[in-house]
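Participant: Below you'll find model10.pdb; it's PDB, C-alpha atoms and all ligand atoms.
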ATOM      1  CA  MET A   1       3.102 -19.287  12.929  1.00  0.00           C
ATOM      2  CA  GLY A   2       3.568 -16.561  10.391  1.00  0.00           C
ATOM      3  CA  LEU A   3       3.353 -12.873  10.953  1.00  0.00           C
ATOM      4  CA  SER A   4      -0.191 -11.547  10.912  1.00  0.00           C
ATOM      5  CA  PRO A   5      -1.943  -8.433  12.134  1.00  0.00           C
ATOM      6  CA  LYS A   6      -4.013  -8.624  15.302  1.00  0.00           C
ATOM      7  CA  LEU A   7      -5.360  -5.186  14.582  1.00  0.00           C
ATOM      8  CA  LEU A   8      -5.316  -3.065  11.468  1.00  0.00           C
ATOM      9  CA  GLN A   9      -6.747   0.389  11.758  1.00  0.00           C
ATOM     10  CA  VAL A  10      -6.571   3.760  10.069  1.00  0.00           C
ATOM     11  CA  VAL A  11      -5.437   6.370  12.574  1.00  0.00           C
ATOM     12  CA  GLY A  12      -5.324   9.875  11.145  1.00  0.00           C
ATOM     13  CA  ASP A  13      -3.254   9.713   7.971  1.00  0.00           C
ATOM     14  CA  GLU A  14      -1.593   6.439   8.886  1.00  0.00           C
ATOM     15  CA  LEU A  15      -2.417   2.751   8.879  1.00  0.00           C
ATOM     16  CA  ALA A  16      -1.645   1.361  12.326  1.00  0.00           C
ATOM     17  CA  ILE A  17      -0.935  -2.347  12.570  1.00  0.00           C
ATOM     18  CA  ALA A  18      -0.562  -4.354  15.770  1.00  0.00           C
ATOM     19  CA  TRP A  19       1.242  -7.590  14.879  1.00  0.00           C
ATOM     20  CA  ASN A  20       0.836 -10.957  16.506  1.00  0.00           C
ATOM     21  CA  ASP A  21       4.463 -10.819  17.655  1.00  0.00           C
ATOM     22  CA  GLY A  22       3.686  -7.783  19.807  1.00  0.00           C
ATOM     23  CA  SER A  23       5.279  -5.158  17.545  1.00  0.00           C
ATOM     24  CA  GLU A  24       3.505  -2.282  15.837  1.00  0.00           C
ATOM     25  CA  SER A  25       3.868  -0.579  12.475  1.00  0.00           C
ATOM     26  CA  TYR A  26       2.643   2.835  11.377  1.00  0.00           C
ATOM     27  CA  LEU A  27       2.488   3.440   7.658  1.00  0.00           C
ATOM     28  CA  LYS A  28       1.550   6.684   5.980  1.00  0.00           C
ATOM     29  CA  LEU A  29      -1.449   6.235   3.693  1.00  0.00           C
ATOM     30  CA  THR A  30       0.174   8.379   1.019  1.00  0.00           C
ATOM     31  CA  ASP A  31       3.254   6.131   1.050  1.00  0.00           C
ATOM     32  CA  LEU A  32       1.132   2.973   1.028  1.00  0.00           C
ATOM     33  CA  ARG A  33      -0.762   4.092  -2.028  1.00  0.00           C
ATOM     34  CA  ARG A  34       2.392   5.071  -3.869  1.00  0.00           C
ATOM     35  CA  LEU A  35       3.852   1.669  -3.008  1.00  0.00           C
ATOM     36  CA  CYS A  36       0.770  -0.160  -4.304  1.00  0.00           C
ATOM     37  CA  PRO A  37       2.171  -3.490  -5.462  1.00  0.00           C
ATOM     38  CA  CYS A  38      -0.397  -4.182  -8.178  1.00  0.00           C
ATOM     39  CA  ALA A  39       0.745  -4.571 -11.768  1.00  0.00           C
ATOM     40  CA  GLY A  40      -0.957  -1.337 -12.791  1.00  0.00           C
ATOM     41  CA  CYS A  41       0.867   0.783 -10.222  1.00  0.00           C
ATOM     42  CA  ALA A  42       4.157  -1.031  -9.788  1.00  0.00           C
ATOM     43  CA  GLY A  43       4.493  -2.223 -13.373  1.00  0.00           C
ATOM     44  CA  GLU A  44       5.431  -5.668 -14.575  1.00  0.00           C
ATOM     45  CA  ARG A  45       8.799  -6.898 -15.749  1.00  0.00           C
ATOM     46  CA  ASP A  46       8.973  -8.856 -18.955  1.00  0.00           C
ATOM     47  CA  LEU A  47      11.370 -11.757 -19.547  1.00  0.00           C
ATOM     48  CA  LEU A  48      14.202  -9.346 -20.296  1.00  0.00           C
ATOM     49  CA  GLY A  49      13.635  -7.419 -17.105  1.00  0.00           C
ATOM     50  CA  ARG A  50      12.180  -4.390 -18.816  1.00  0.00           C
ATOM     51  CA  LEU A  51       9.621  -2.635 -16.713  1.00  0.00           C
ATOM     52  CA  ALA A  52       6.310  -2.086 -18.437  1.00  0.00           C
ATOM     53  CA  LYS A  53       4.080   0.380 -16.737  1.00  0.00           C
ATOM     54  CA  PRO A  54       0.682   1.360 -18.083  1.00  0.00           C
ATOM     55  CA  PRO A  55      -0.347   4.995 -17.898  1.00  0.00           C
ATOM     56  CA  GLN A  56      -2.011   5.842 -14.643  1.00  0.00           C
ATOM     57  CA  ALA A  57      -4.879   8.113 -13.796  1.00  0.00           C
ATOM     58  CA  PRO A  58      -3.678  11.022 -11.685  1.00  0.00           C
ATOM     59  CA  LEU A  59      -4.003  10.433  -7.982  1.00  0.00           C
ATOM     60  CA  THR A  60      -6.404  12.600  -6.061  1.00  0.00           C
ATOM     61  CA  SER A  61      -6.976  13.070  -2.357  1.00  0.00           C
ATOM     62  CA  ALA A  62      -9.420  10.142  -2.496  1.00  0.00           C
ATOM     63  CA  SER A  63      -6.527   8.002  -3.675  1.00  0.00           C
ATOM     64  CA  PHE A  64      -4.967   8.282  -0.246  1.00  0.00           C
ATOM     65  CA  GLN A  65      -7.982   7.325   1.834  1.00  0.00           C
ATOM     66  CA  ILE A  66      -8.853   3.765   2.718  1.00  0.00           C
ATOM     67  CA  SER A  67     -12.472   2.648   2.523  1.00  0.00           C
ATOM     68  CA  ARG A  68     -11.825  -0.843   3.801  1.00  0.00           C
ATOM     69  CA  THR A  69      -9.298  -3.641   4.023  1.00  0.00           C
ATOM     70  CA  ALA A  70      -9.715  -7.367   3.602  1.00  0.00           C
ATOM     71  CA  PRO A  71      -7.309 -10.146   4.559  1.00  0.00           C
ATOM     72  CA  VAL A  72      -6.183 -12.324   1.650  1.00  0.00           C
ATOM     73  CA  GLY A  73      -4.980 -15.891   2.042  1.00  0.00           C
ATOM     74  CA  GLY A  74      -3.481 -15.380   5.473  1.00  0.00           C
ATOM     75  CA  TYR A  75      -0.418 -13.581   4.107  1.00  0.00           C
ATOM     76  CA  ALA A  76      -1.593 -10.254   2.750  1.00  0.00           C
ATOM     77  CA  VAL A  77      -4.198  -7.551   3.025  1.00  0.00           C
ATOM     78  CA  GLN A  78      -6.138  -6.067   0.149  1.00  0.00           C
ATOM     79  CA  ILE A  79      -6.654  -2.330   0.499  1.00  0.00           C
ATOM     80  CA  TYR A  80      -9.703  -0.661  -1.028  1.00  0.00           C
ATOM     81  CA  TRP A  81      -8.978   2.998  -1.720  1.00  0.00           C
ATOM     82  CA  HIS A  82     -11.616   5.690  -1.906  1.00  0.00           C
ATOM     83  CA  ASP A  83     -10.968   6.368  -5.578  1.00  0.00           C
ATOM     84  CA  GLY A  84     -12.065   2.802  -6.369  1.00  0.00           C
ATOM     85  CA  HIS A  85      -8.607   1.254  -6.708  1.00  0.00           C
ATOM     86  CA  SER A  86      -8.289  -2.127  -4.979  1.00  0.00           C
ATOM     87  CA  ASP A  87      -5.887  -4.216  -7.049  1.00  0.00           C
ATOM     88  CA  GLY A  88      -3.012  -4.108  -4.608  1.00  0.00           C
ATOM     89  CA  LEU A  89      -2.334  -7.006  -2.283  1.00  0.00           C
ATOM     90  CA  TYR A  90       0.023  -5.885   0.454  1.00  0.00           C
ATOM     91  CA  PRO A  91       1.934  -8.847   1.922  1.00  0.00           C
ATOM     92  CA  TYR A  92       2.213  -8.703   5.702  1.00  0.00           C
ATOM     93  CA  ALA A  93       5.973  -9.202   5.456  1.00  0.00           C
ATOM     94  CA  LYS A  94       6.252  -6.077   3.262  1.00  0.00           C
ATOM     95  CA  LEU A  95       4.123  -3.969   5.571  1.00  0.00           C
ATOM     96  CA  LYS A  96       6.269  -5.034   8.500  1.00  0.00           C
ATOM     97  CA  GLU A  97       9.444  -4.287   6.561  1.00  0.00           C
ATOM     98  CA  TRP A  98       8.172  -0.860   5.470  1.00  0.00           C
ATOM     99  CA  GLY A  99       7.183  -0.056   9.048  1.00  0.00           C
ATOM    100  CA  ASP A 100      10.627  -0.966  10.370  1.00  0.00           C
ATOM    101  CA  ASP A 101      12.570   0.609   7.539  1.00  0.00           C
ATOM    102  CA  PRO A 102      10.694   3.152   5.403  1.00  0.00           C
ATOM    103  CA  PRO A 103      11.257   2.340   1.745  1.00  0.00           C
ATOM    104  CA  GLU A 104      12.285   4.629  -1.032  1.00  0.00           C
ATOM    105  CA  LEU A 105       9.152   5.791  -2.793  1.00  0.00           C
ATOM    106  CA  PRO A 106       8.725   5.296  -6.519  1.00  0.00           C
ATOM    107  CA  PRO A 107       8.905   8.501  -8.553  1.00  0.00           C
ATOM    108  CA  LEU A 108       5.629  10.217  -9.252  1.00  0.00           C
ATOM    109  CA  SER A 109       4.624   9.689 -12.833  1.00  0.00           C
ATOM    110  CA  ALA A 110       1.810  12.207 -12.882  1.00  0.00           C
ATOM    111  CA  PRO A 111       1.055  15.452 -11.093  1.00  0.00           C
ATOM    112  CA  THR A 112      -0.204  14.426  -7.693  1.00  0.00           C
ATOM    113  CA  LEU A 113      -2.531  16.311  -5.482  1.00  0.00           C
ATOM    114  CA  LEU A 114      -1.579  15.910  -1.888  1.00  0.00           C
ATOM    115  CA  PRO A 115      -4.443  14.999   0.375  1.00  0.00           C
ATOM    116  CA  THR A 116      -6.032  17.853   2.216  1.00  0.00           C
ATOM    117  CA  VAL A 117      -5.788  17.252   5.926  1.00  0.00           C
TER     118      VAL A 117
HETATM  119 ZN    ZN B 201      -2.303  -0.394  -7.659  1.00  0.00          ZN
END
Just give me the structure of the file as structure tokens.
Ligand SMILES: [Zn+2]
Facilitator:
Amino acid sequence: MGLSPKLLQVVGDELAIAWNDGSESYLKLTDLRRLCPCAGCAGERDLLGRLAKPPQAPLTSASFQISRTAPVGGYAVQIYWHDGHSDGLYPYAKLKEWGDDPPELPPLSAPTLLPTV
């Protein structure tokens, strides 16, 4: 039995996850988006370990809102953001880890508008 969410719900500006082991994680949507693991956001390392990162469109407040989520392969969740971005597959193990121990955020590469609350 692997870790999987029983419930995954946006609450305010956070994604709340109730895990099947009884624990809960709360992840800020702004952090989640900045930690998007897709190749476009996180970059890809070549054989020499150099990080290649394509230019990104500036994030807007829509970039930090979730339209929907979809489970992928029993190990990850795909997050569809309001600005149309949906390439990131967030492994459950990562979400759990980030909830327990907030990660260092990647540097902002473009001027970012914080979401209006
Ligand atoms: Zn991405």
Participant: When the cut-off is 6 Å and you count only C-alpha atoms and all ligand atoms, which residues lie near ligand ZN 201 (chain B), shown as a short mmCIF file (atom, residue, chain, number, x, y, z; two decimals) with C-alpha atoms, in the frame of the given file?
Facilitator:
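This is the output file selection_26.cif:
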data_model
loop_
_atom_site.label_atom_id
_atom_site.label_comp_id
_atom_site.auth_asym_id
_atom_site.auth_seq_id
_atom_site.Cartn_x
_atom_site.Cartn_y
_atom_site.Cartn_z
CA CYS A 36 0.77 -0.16 -4.30
CA PRO A 37 2.17 -3.49 -5.46
CA CYS A 38 -0.40 -4.18 -8.18
CA GLY A 40 -0.96 -1.34 -12.79
CA CYS A 41 0.87 0.78 -10.22
CA ASP A 87 -5.89 -4.22 -7.05
CA GLY A 88 -3.01 -4.11 -4.61
#
Participant: Of the candidates A:Val72, A:Leu51, A:Ala39, A:Leu105, which one gets nearest to A:Tyr90 if we count all atoms listed in the file?
Facilitator: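 Among A:Val72, A:Leu51, A:Ala39, A:Leu105, it is A:Val72 that comes nearest to A:Tyr90.
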Participant: Going by the chain IDs and residue numbers used in this file, which residues fall under the PyMOL selection byres (((chain A and resi 6-18) around 12) and not hetatm)? Write them as a ChimeraX atom specification.
Facilitator: /A:3-5,19-33,61,64-71,74,76-79,92,95-96,98-100,114-117
Participant: Report as a list in words the residues that result from applying the PyMOL selection byres (((chain A and resi 83) around 9) and not hetatm) to the structure here.
Facilitator: Leu59, Thr60, Ser61, Ala62, Ser63, Phe64, Gln65, Ile66, Tyr80, Trp81, His82, Gly84, His85 and Ser86 of chain A
Participant: Give me, please, the distance in Å between atom CA of A:Asp101 and atom CA of A:Gly43, quoted to one decimal.
Facilitator: 22.6 Å
Participant: State, in Å with one decimal place, the distance from atom CA of A:Glu104 to atom CA of A:Leu48.
Facilitator: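 Separating atom CA of A:Glu104 from atom CA of A:Leu48 is a distance of 23.9 Å.
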Participant: Since fewer atoms than expected are present, regenerate N, CA and C atoms for stretch 26-61 of chain A and write them as a PDB file, in the frame of the given file.
Facilitator:
ATOM      1  N   TYR A  26       3.462   1.694  11.790  1.00  0.00           N
ATOM      2  CA  TYR A  26       2.643   2.835  11.377  1.00  0.00           C
ATOM      3  C   TYR A  26       3.072   3.242   9.980  1.00  0.00           C
ATOM      4  N   LEU A  27       2.139   3.168   9.049  1.00  0.00           N
ATOM      5  CA  LEU A  27       2.488   3.440   7.658  1.00  0.00           C
ATOM      6  C   LEU A  27       1.632   4.573   7.122  1.00  0.00           C
ATOM      7  N   LYS A  28       2.289   5.562   6.549  1.00  0.00           N
ATOM      8  CA  LYS A  28       1.550   6.684   5.980  1.00  0.00           C
ATOM      9  C   LYS A  28       0.696   6.206   4.808  1.00  0.00           C
ATOM     10  N   LEU A  29      -0.550   6.664   4.764  1.00  0.00           N
ATOM     11  CA  LEU A  29      -1.449   6.235   3.693  1.00  0.00           C
ATOM     12  C   LEU A  29      -0.928   6.689   2.339  1.00  0.00           C
ATOM     13  N   THR A  30      -0.349   7.890   2.298  1.00  0.00           N
ATOM     14  CA  THR A  30       0.174   8.379   1.019  1.00  0.00           C
ATOM     15  C   THR A  30       1.296   7.460   0.521  1.00  0.00           C
ATOM     16  N   ASP A  31       2.162   7.026   1.446  1.00  0.00           N
ATOM     17  CA  ASP A  31       3.254   6.131   1.050  1.00  0.00           C
ATOM     18  C   ASP A  31       2.693   4.782   0.600  1.00  0.00           C
ATOM     19  N   LEU A  32       1.720   4.276   1.356  1.00  0.00           N
ATOM     20  CA  LEU A  32       1.132   2.973   1.028  1.00  0.00           C
ATOM     21  C   LEU A  32       0.560   2.967  -0.376  1.00  0.00           C
ATOM     22  N   ARG A  33      -0.163   4.049  -0.696  1.00  0.00           N
ATOM     23  CA  ARG A  33      -0.762   4.092  -2.028  1.00  0.00           C
ATOM     24  C   ARG A  33       0.306   4.154  -3.103  1.00  0.00           C
ATOM     25  N   ARG A  34       1.342   4.959  -2.851  1.00  0.00           N
ATOM     26  CA  ARG A  34       2.392   5.071  -3.869  1.00  0.00           C
ATOM     27  C   ARG A  34       3.178   3.777  -4.008  1.00  0.00           C
ATOM     28  N   LEU A  35       3.149   2.952  -2.960  1.00  0.00           N
ATOM     29  CA  LEU A  35       3.852   1.669  -3.008  1.00  0.00           C
ATOM     30  C   LEU A  35       2.925   0.535  -3.426  1.00  0.00           C
ATOM     31  N   CYS A  36       1.733   0.871  -3.903  1.00  0.00           N
ATOM     32  CA  CYS A  36       0.770  -0.160  -4.304  1.00  0.00           C
ATOM     33  C   CYS A  36       1.466  -1.192  -5.184  1.00  0.00           C
ATOM     34  N   PRO A  37       1.418  -2.448  -4.740  1.00  0.00           N
ATOM     35  CA  PRO A  37       2.171  -3.490  -5.462  1.00  0.00           C
ATOM     36  C   PRO A  37       1.465  -4.069  -6.679  1.00  0.00           C
ATOM     37  N   CYS A  38       0.303  -3.575  -7.047  1.00  0.00           N
ATOM     38  CA  CYS A  38      -0.397  -4.182  -8.178  1.00  0.00           C
ATOM     39  C   CYS A  38       0.330  -3.895  -9.485  1.00  0.00           C
ATOM     40  N   ALA A  39       0.041  -4.690 -10.492  1.00  0.00           N
ATOM     41  CA  ALA A  39       0.745  -4.571 -11.768  1.00  0.00           C
ATOM     42  C   ALA A  39       0.531  -3.196 -12.397  1.00  0.00           C
ATOM     43  N   GLY A  40      -0.652  -2.631 -12.201  1.00  0.00           N
ATOM     44  CA  GLY A  40      -0.957  -1.337 -12.791  1.00  0.00           C
ATOM     45  C   GLY A  40      -0.126  -0.213 -12.203  1.00  0.00           C
ATOM     46  N   CYS A  41       0.112  -0.277 -10.893  1.00  0.00           N
ATOM     47  CA  CYS A  41       0.867   0.783 -10.222  1.00  0.00           C
ATOM     48  C   CYS A  41       2.365   0.514 -10.237  1.00  0.00           C
ATOM     49  N   ALA A  42       2.739  -0.717  -9.936  1.00  0.00           N
ATOM     50  CA  ALA A  42       4.157  -1.031  -9.788  1.00  0.00           C
ATOM     51  C   ALA A  42       4.781  -1.416 -11.122  1.00  0.00           C
ATOM     52  N   GLY A  43       3.955  -1.791 -12.087  1.00  0.00           N
ATOM     53  CA  GLY A  43       4.493  -2.223 -13.373  1.00  0.00           C
ATOM     54  C   GLY A  43       4.860  -3.696 -13.320  1.00  0.00           C
ATOM     55  N   GLU A  44       5.084  -4.254 -14.487  1.00  0.00           N
ATOM     56  CA  GLU A  44       5.431  -5.668 -14.575  1.00  0.00           C
ATOM     57  C   GLU A  44       6.681  -5.802 -15.416  1.00  0.00           C
ATOM     58  N   ARG A  45       7.579  -6.688 -14.968  1.00  0.00           N
ATOM     59  CA  ARG A  45       8.799  -6.898 -15.749  1.00  0.00           C
ATOM     60  C   ARG A  45       8.575  -8.013 -16.753  1.00  0.00           C
ATOM     61  N   ASP A  46       9.076  -7.786 -17.971  1.00  0.00           N
ATOM     62  CA  ASP A  46       8.973  -8.856 -18.955  1.00  0.00           C
ATOM     63  C   ASP A  46      10.176  -9.784 -18.791  1.00  0.00           C
ATOM     64  N   LEU A  47      10.321 -10.746 -19.688  1.00  0.00           N
ATOM     65  CA  LEU A  47      11.370 -11.757 -19.547  1.00  0.00           C
ATOM     66  C   LEU A  47      12.762 -11.139 -19.576  1.00  0.00           C
ATOM     67  N   LEU A  48      12.896  -9.993 -20.203  1.00  0.00           N
ATOM     68  CA  LEU A  48      14.202  -9.346 -20.296  1.00  0.00           C
ATOM     69  C   LEU A  48      14.423  -8.354 -19.157  1.00  0.00           C
ATOM     70  N   GLY A  49      13.469  -8.290 -18.252  1.00  0.00           N
ATOM     71  CA  GLY A  49      13.635  -7.419 -17.105  1.00  0.00           C
ATOM     72  C   GLY A  49      13.225  -5.986 -17.362  1.00  0.00           C
ATOM     73  N   ARG A  50      12.646  -5.751 -18.544  1.00  0.00           N
ATOM     74  CA  ARG A  50      12.180  -4.390 -18.816  1.00  0.00           C
ATOM     75  C   ARG A  50      10.888  -4.134 -18.064  1.00  0.00           C
ATOM     76  N   LEU A  51      10.799  -2.968 -17.499  1.00  0.00           N
ATOM     77  CA  LEU A  51       9.621  -2.635 -16.713  1.00  0.00           C
ATOM     78  C   LEU A  51       8.564  -1.997 -17.614  1.00  0.00           C
ATOM     79  N   ALA A  52       7.423  -2.641 -17.672  1.00  0.00           N
ATOM     80  CA  ALA A  52       6.310  -2.086 -18.437  1.00  0.00           C
ATOM     81  C   ALA A  52       5.310  -1.501 -17.453  1.00  0.00           C
ATOM     82  N   LYS A  53       4.974  -0.277 -17.670  1.00  0.00           N
ATOM     83  CA  LYS A  53       4.080   0.380 -16.737  1.00  0.00           C
ATOM     84  C   LYS A  53       2.992   1.105 -17.517  1.00  0.00           C
ATOM     85  N   PRO A  54       1.759   0.688 -17.353  1.00  0.00           N
ATOM     86  CA  PRO A  54       0.682   1.360 -18.083  1.00  0.00           C
ATOM     87  C   PRO A  54       0.474   2.765 -17.551  1.00  0.00           C
ATOM     88  N   PRO A  55      -0.070   3.637 -18.376  1.00  0.00           N
ATOM     89  CA  PRO A  55      -0.347   4.995 -17.898  1.00  0.00           C
ATOM     90  C   PRO A  55      -1.351   4.953 -16.749  1.00  0.00           C
ATOM     91  N   GLN A  56      -1.151   5.842 -15.814  1.00  0.00           N
ATOM     92  CA  GLN A  56      -2.011   5.842 -14.643  1.00  0.00           C
ATOM     93  C   GLN A  56      -2.882   7.081 -14.610  1.00  0.00           C
ATOM     94  N   ALA A  57      -4.060   6.945 -14.053  1.00  0.00           N
ATOM     95  CA  ALA A  57      -4.879   8.113 -13.796  1.00  0.00           C
ATOM     96  C   ALA A  57      -4.213   8.909 -12.681  1.00  0.00           C
ATOM     97  N   PRO A  58      -4.281  10.229 -12.747  1.00  0.00           N
ATOM     98  CA  PRO A  58      -3.678  11.022 -11.685  1.00  0.00           C
ATOM     99  C   PRO A  58      -4.311  10.693 -10.338  1.00  0.00           C
ATOM    100  N   LEU A  59      -3.483  10.699  -9.320  1.00  0.00           N
ATOM    101  CA  LEU A  59      -4.003  10.433  -7.982  1.00  0.00           C
ATOM    102  C   LEU A  59      -4.684  11.678  -7.437  1.00  0.00           C
ATOM    103  N   THR A  60      -5.713  11.487  -6.709  1.00  0.00           N
ATOM    104  CA  THR A  60      -6.404  12.600  -6.061  1.00  0.00           C
ATOM    105  C   THR A  60      -6.403  12.365  -4.559  1.00  0.00           C
ATOM    106  N   SER A  61      -6.985  13.268  -3.807  1.00  0.00           N
ATOM    107  CA  SER A  61      -6.976  13.070  -2.357  1.00  0.00           C
ATOM    108  C   SER A  61      -7.711  11.794  -1.975  1.00  0.00           C
TER     109      SER A  61
END
